[in-house]
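Containing PDB, C-alpha atoms: entry10.pdb.
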ATOM      1  CA  MET E   1     202.400-158.735 -34.129
ATOM      2  CA  THR E   2     206.034-159.349 -34.837
ATOM      3  CA  ASP E   3     205.769-162.963 -33.792
ATOM      4  CA  TYR E   4     202.704-163.336 -35.930
ATOM      5  CA  LEU E   5     204.488-161.965 -38.965
ATOM      6  CA  LEU E   6     207.451-164.179 -38.365
ATOM      7  CA  THR E   7     205.224-167.167 -38.843
ATOM      8  CA  PHE E   8     204.818-166.027 -42.417
ATOM      9  CA  SER E   9     208.482-165.500 -43.080
ATOM     10  CA  GLY E  10     208.861-169.109 -44.120
ATOM     11  CA  GLU E  11     205.862-169.102 -46.446
ATOM     12  CA  ASP E  12     206.478-169.347 -50.137
ATOM     13  CA  GLU E  13     203.928-166.586 -50.573
ATOM     14  CA  PHE E  14     206.426-163.969 -49.382
ATOM     15  CA  THR E  15     210.025-163.229 -50.176
ATOM     16  CA  ALA E  16     212.315-162.034 -47.408
ATOM     17  CA  GLU E  17     212.083-158.563 -48.883
ATOM     18  CA  GLU E  18     208.300-158.685 -48.773
ATOM     19  CA  VAL E  19     208.329-159.829 -45.163
ATOM     20  CA  SER E  20     210.555-156.876 -44.375
ATOM     21  CA  GLU E  21     208.145-154.555 -46.169
ATOM     22  CA  ILE E  22     205.173-155.988 -44.303
ATOM     23  CA  ARG E  23     206.902-155.541 -40.984
ATOM     24  CA  HIS E  24     207.720-151.995 -41.980
ATOM     25  CA  ARG E  25     204.075-151.495 -42.924
ATOM     26  CA  TYR E  26     202.870-152.525 -39.500
ATOM     27  CA  GLU E  27     205.364-150.315 -37.779
ATOM     28  CA  ARG E  28     204.157-147.381 -39.840
ATOM     29  CA  ALA E  29     200.476-148.292 -39.569
ATOM     30  CA  HIS E  30     200.713-148.165 -35.820
ATOM     31  CA  ALA E  31     202.699-144.963 -35.744
ATOM     32  CA  PRO E  32     200.872-141.837 -34.520
ATOM     33  CA  GLY E  33     199.599-139.633 -37.286
ATOM     34  CA  PHE E  34     199.279-142.166 -40.067
ATOM     35  CA  LYS E  35     195.954-141.776 -41.841
ATOM     36  CA  PRO E  36     195.060-142.840 -45.382
ATOM     37  CA  THR E  37     192.452-140.899 -47.320
ATOM     38  CA  PHE E  38     189.004-142.403 -47.123
ATOM     39  CA  VAL E  39     185.307-141.740 -47.685
ATOM     40  CA  ARG E  40     182.551-142.646 -45.236
ATOM     41  CA  LEU E  41     179.946-145.050 -46.557
ATOM     42  CA  ASP E  42     177.488-144.930 -43.650
ATOM     43  CA  ASP E  43     174.950-142.739 -45.470
ATOM     44  CA  TRP E  44     175.069-145.000 -48.504
ATOM     45  CA  LEU E  45     174.583-148.051 -46.307
ATOM     46  CA  ASP E  46     171.629-146.363 -44.587
ATOM     47  CA  GLU E  47     170.295-145.447 -48.046
ATOM     48  CA  THR E  48     170.172-141.790 -47.044
ATOM     49  CA  GLY E  49     172.932-140.764 -49.441
ATOM     50  CA  SER E  50     174.135-141.777 -52.881
ATOM     51  CA  LEU E  51     177.553-143.248 -53.456
ATOM     52  CA  ASP E  52     178.338-140.725 -56.181
ATOM     53  CA  THR E  53     177.553-137.834 -53.867
ATOM     54  CA  LEU E  54     179.768-139.241 -51.143
ATOM     55  CA  LEU E  55     182.626-139.723 -53.571
ATOM     56  CA  GLU E  56     182.207-136.208 -54.940
ATOM     57  CA  GLY E  57     182.417-134.915 -51.397
ATOM     58  CA  GLN E  58     185.729-136.656 -51.007
ATOM     59  CA  ALA E  59     187.291-134.982 -54.049
TER      60      ALA E  59
ATOM     61  CA  MET Y  60     179.716-150.962 -29.966
ATOM     62  CA  SER Y  61     176.882-148.560 -30.774
ATOM     63  CA  ASN Y  62     173.431-149.814 -31.683
ATOM     64  CA  LYS Y  63     174.243-148.967 -35.250
ATOM     65  CA  GLY Y  64     177.342-151.093 -35.138
ATOM     66  CA  TRP Y  65     180.582-150.372 -36.907
ATOM     67  CA  GLY Y  66     181.191-147.372 -39.088
ATOM     68  CA  VAL Y  67     182.192-148.182 -42.651
ATOM     69  CA  ILE Y  68     184.727-146.326 -44.776
ATOM     70  CA  ALA Y  69     186.323-146.961 -48.160
ATOM     71  CA  GLU Y  70     190.026-146.270 -48.461
ATOM     72  CA  GLU Y  71     191.716-144.661 -51.423
ATOM     73  CA  GLU Y  72     190.397-146.121 -54.694
ATOM     74  CA  ALA Y  73     188.007-148.629 -53.077
ATOM     75  CA  GLY Y  74     185.173-146.095 -53.173
ATOM     76  CA  ASP Y  75     185.552-145.628 -56.919
ATOM     77  CA  GLU Y  76     185.731-149.373 -57.386
ATOM     78  CA  LEU Y  77     182.481-149.755 -55.510
ATOM     79  CA  ALA Y  78     180.851-147.056 -57.625
ATOM     80  CA  SER Y  79     181.924-148.827 -60.806
ATOM     81  CA  PHE Y  80     179.514-151.702 -60.141
ATOM     82  CA  ASP Y  81     175.926-151.645 -61.356
ATOM     83  CA  SER Y  82     173.217-150.762 -58.846
ATOM     84  CA  TYR Y  83     172.057-154.375 -58.505
ATOM     85  CA  THR Y  84     175.536-155.497 -57.504
ATOM     86  CA  GLN Y  85     175.976-152.489 -55.247
ATOM     87  CA  ASN Y  86     172.809-153.474 -53.429
ATOM     88  CA  ILE Y  87     174.173-156.973 -52.843
ATOM     89  CA  ILE Y  88     177.369-155.513 -51.449
ATOM     90  CA  ARG Y  89     175.459-153.006 -49.325
ATOM     91  CA  SER Y  90     173.343-155.770 -47.842
ATOM     92  CA  ALA Y  91     176.422-157.762 -46.856
ATOM     93  CA  LEU Y  92     178.151-154.713 -45.378
ATOM     94  CA  ASN Y  93     175.041-153.871 -43.372
ATOM     95  CA  ASP Y  94     175.156-157.368 -41.949
ATOM     96  CA  LEU Y  95     178.864-157.145 -41.244
ATOM     97  CA  ARG Y  96     178.673-153.836 -39.426
ATOM     98  CA  LEU Y  97     176.205-155.254 -36.903
ATOM     99  CA  GLU Y  98     178.620-157.972 -35.911
ATOM    100  CA  ASP Y  99     180.578-157.598 -32.683
ATOM    101  CA  ASP Y 100     183.632-158.636 -34.674
ATOM    102  CA  PRO Y 101     183.141-158.370 -38.469
ATOM    103  CA  ARG Y 102     186.112-160.640 -39.011
ATOM    104  CA  PHE Y 103     184.237-163.525 -37.455
ATOM    105  CA  PRO Y 104     180.500-163.145 -38.165
ATOM    106  CA  ALA Y 105     178.385-164.752 -35.462
ATOM    107  CA  ARG Y 106     174.990-163.191 -36.122
ATOM    108  CA  ARG Y 107     175.194-164.063 -39.802
ATOM    109  CA  PRO Y 108     177.548-167.052 -40.001
ATOM    110  CA  ALA Y 109     176.447-167.628 -43.586
ATOM    111  CA  LEU Y 110     178.536-164.632 -44.613
ATOM    112  CA  ASP Y 111     181.467-166.090 -46.509
ATOM    113  CA  VAL Y 112     184.348-164.361 -44.732
ATOM    114  CA  LYS Y 113     187.936-165.527 -44.908
ATOM    115  CA  HIS Y 114     191.201-164.310 -43.457
ATOM    116  CA  LEU Y 115     193.750-163.501 -46.198
ATOM    117  CA  GLU Y 116     196.503-165.119 -44.198
ATOM    118  CA  HIS Y 117     198.878-165.573 -47.115
ATOM    119  CA  ASP Y 118     198.206-162.479 -49.181
ATOM    120  CA  ALA Y 119     197.435-159.855 -46.554
ATOM    121  CA  PRO Y 120     197.682-161.071 -42.951
ATOM    122  CA  GLY Y 121     195.157-159.260 -40.792
ATOM    123  CA  TRP Y 122     192.888-158.386 -43.717
ATOM    124  CA  PHE Y 123     189.707-160.236 -44.602
ATOM    125  CA  ARG Y 124     187.513-160.763 -47.617
ATOM    126  CA  VAL Y 125     183.828-161.441 -47.993
ATOM    127  CA  LYS Y 126     182.537-163.077 -51.151
ATOM    128  CA  PHE Y 127     179.049-163.540 -52.422
ATOM    129  CA  PHE Y 128     177.238-166.697 -53.272
ATOM    130  CA  ASN Y 129     177.267-167.487 -56.955
ATOM    131  CA  ARG Y 130     179.092-164.263 -57.807
ATOM    132  CA  HIS Y 131     182.763-163.579 -58.271
ATOM    133  CA  ILE Y 132     182.845-160.361 -56.277
ATOM    134  CA  ARG Y 133     185.279-159.820 -53.451
ATOM    135  CA  VAL Y 134     185.209-157.070 -50.838
ATOM    136  CA  ILE Y 135     188.453-156.892 -48.905
ATOM    137  CA  TYR Y 136     188.550-155.041 -45.616
ATOM    138  CA  ARG Y 137     190.364-154.471 -42.375
ATOM    139  CA  LEU Y 138     189.256-153.169 -38.993
ATOM    140  CA  LEU Y 139     190.419-149.817 -37.687
ATOM    141  CA  ARG Y 140     190.126-147.672 -34.614
ATOM    142  CA  LEU Y 141     189.511-144.161 -35.819
ATOM    143  CA  TYR Y 142     190.596-141.365 -33.496
ATOM    144  CA  SER Y 143     190.161-137.643 -34.076
ATOM    145  CA  ASP Y 144     193.598-137.261 -35.562
ATOM    146  CA  GLU Y 145     194.902-140.747 -36.200
ATOM    147  CA  LEU Y 146     193.902-144.336 -36.715
ATOM    148  CA  ASP Y 147     195.123-147.702 -35.654
ATOM    149  CA  GLU Y 148     194.557-151.098 -37.204
ATOM    150  CA  TYR Y 149     193.245-153.958 -35.131
ATOM    151  CA  ARG Y 150     195.767-156.715 -35.085
ATOM    152  CA  TYR Y 151     194.539-160.194 -35.902
ATOM    153  CA  ASP Y 152     194.788-161.245 -32.286
ATOM    154  CA  GLU Y 153     193.087-158.142 -30.866
ATOM    155  CA  VAL Y 154     189.471-158.250 -29.734
ATOM    156  CA  PRO Y 155     187.601-155.065 -30.757
ATOM    157  CA  TRP Y 156     186.725-152.785 -27.867
ATOM    158  CA  ASP Y 157     184.812-149.568 -27.233
ATOM    159  CA  GLY Y 158     186.810-146.560 -26.122
ATOM    160  CA  ASP Y 159     187.912-143.103 -27.131
ATOM    161  CA  HIS Y 160     187.678-144.010 -30.795
ATOM    162  CA  GLU Y 161     185.250-145.139 -33.470
ATOM    163  CA  ASN Y 162     185.432-148.695 -34.657
ATOM    164  CA  VAL Y 163     185.251-148.854 -38.447
ATOM    165  CA  ILE Y 164     185.281-151.454 -41.176
ATOM    166  CA  SER Y 165     187.710-150.104 -43.708
ATOM    167  CA  ILE Y 166     187.237-151.376 -47.250
ATOM    168  CA  VAL Y 167     190.498-151.539 -49.134
ATOM    169  CA  GLN Y 168     189.432-153.258 -52.362
ATOM    170  CA  VAL Y 169     186.269-154.167 -54.240
ATOM    171  CA  CYS Y 170     186.660-156.304 -57.325
ATOM    172  CA  TYR Y 171     185.734-159.296 -59.389
ATOM    173  CA  ARG Y 172     187.867-162.294 -58.567
ATOM    174  CA  ASP Y 173     190.479-163.068 -61.203
ATOM    175  CA  ASP Y 174     194.114-164.116 -61.360
ATOM    176  CA  MET Y 175     195.272-160.613 -60.474
ATOM    177  CA  THR Y 176     192.976-159.972 -57.528
ATOM    178  CA  TYR Y 177     195.242-160.916 -54.667
ATOM    179  CA  ARG Y 178     198.348-159.649 -56.389
ATOM    180  CA  GLU Y 179     196.685-156.257 -56.296
ATOM    181  CA  THR Y 180     195.671-156.856 -52.684
ATOM    182  CA  ARG Y 181     199.263-157.500 -51.779
ATOM    183  CA  ARG Y 182     200.334-154.341 -53.569
ATOM    184  CA  ARG Y 183     197.864-152.317 -51.513
ATOM    185  CA  TYR Y 184     198.885-154.116 -48.355
ATOM    186  CA  ARG Y 185     202.448-153.006 -48.889
ATOM    187  CA  ARG Y 186     201.483-149.566 -50.095
ATOM    188  CA  THR Y 187     199.411-148.775 -47.028
ATOM    189  CA  THR Y 188     202.358-147.317 -45.211
ATOM    190  CA  ARG Y 189     204.007-145.514 -48.095
TER     191      ARG Y 189
END

Kindly present the structure from the file in structure tokens form.
Amino acid sequence: MTDYLLTFSGEDEFTAEEVSEIRHRYERAHAPGFKPTFVRLDDWLDETGSLDTLLEGQA
Amino acid sequence: MSNKGWGVIAEEEAGDELASFDSYTQNIIRSALNDLRLEDDPRFPARRPALDVKHLEHDAPGWFRVKFFNRHIRVIYRLLRLYSDELDEYRYDEVPWDGDHENVISIVQVCYRDDMTYRETRRRYRRTTR
């Protein structure tokens, strides 16, 4: 992944600081234990559950 | 991949964003997500090549967006391996595989396209690890 990110280091879209942050992000994202909060949408997609109910369950 | 395909989750505020759309629009999004989750690799739809998917190579490398014909809606997502106590993101060059994990499409943003859309995407991209 590092090589892949390096290909973006010369893009105008990112500053050097941003590239550093992105690299840091990937290092953290692949570290054991990292887990953002999320809600499952499978029931909503299967139309067996409402979105509001799923979101309430998350709270 | 199971017969049902990929699991689908919404991260952080993406669930609330999805809920903020009217039911008609939600149904359009649901239809597209149901198509995406049956793909072997939702980043590169083969069963439904008409799905308008694009890699966000400049704004969020490794993340993808799907947009909808004649509408300005964007759903931005990434692919994760979900383990019992951790997760891992599929790198762009990784082929999804079955194993001791669940493969999920993780929605990170649902929005109307405007000048701020990908600025916000980039903010979330950076924030993911904070």

Query raised in the report: Could you spell out the hits of the ChimeraX specification (/E :<9) & /Y on the shown file, as a PyMOL selection string?
Result: chain Y and resi 66-75+77-78+89-90+92-93+116-120+144-148+150-152+165+184-189

Report task. Fewer than 5 positions away in the same chain doesn't count, so skip those; otherwise give me all residues within 7 Å of Arg124 (chain Y), counting only C-alpha atoms, as a PyMOL selection string. Result -> chain Y and resi 112-115+133-136

Centre and edge lengths, as lines of an AutoDock Vina configuration file, for the axis-aligned box enclosing every listed atom of region 41-49 of chain E with 4 Å of padding on each of the six sides, in Å to one decimal?
center_x = 175.1
center_y = -144.4
center_z = -46.5
size_x = 17.8
size_y = 15.3
size_z = 13.8

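CA of Arg183 (chain Y) to CA of Arg106 (chain Y) spans 29.6 Å [interatomic distance, one decimal].
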
Query raised in the report: From the set Y:Val167, Y:Phe123, Y:Asn129, Y:Asp174, which residue has the shortest atom-to-atom contact distance to Asp100 (chain Y), counting only C-alpha atoms?
Result: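 Residue with the minimum atom-to-atom distance to Asp100 (chain Y): Y:Phe123.
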
Query raised in the report: Could you state the separation of CA of Tyr83 (chain Y) and CA of Trp65 (chain Y) in Å, given to one decimal place?
Result: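 Atom-to-atom, CA of Tyr83 (chain Y) and CA of Trp65 (chain Y) are spaced 23.6 Å apart.
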
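For the file at hand, the PyMOL selection byres ((chain Y and resi 84) around 12) resolves to Glu76, Leu77, Ala78, Ser79, Phe80, Asp81, Ser82, Tyr83, Gln85, Asn86, Ile87, Ile88, Arg89, Ser90, Ala91, Phe127, Arg130, His131, Ile132, Arg133, Val134, Val169, Cys170 and Tyr171 of chain Y.
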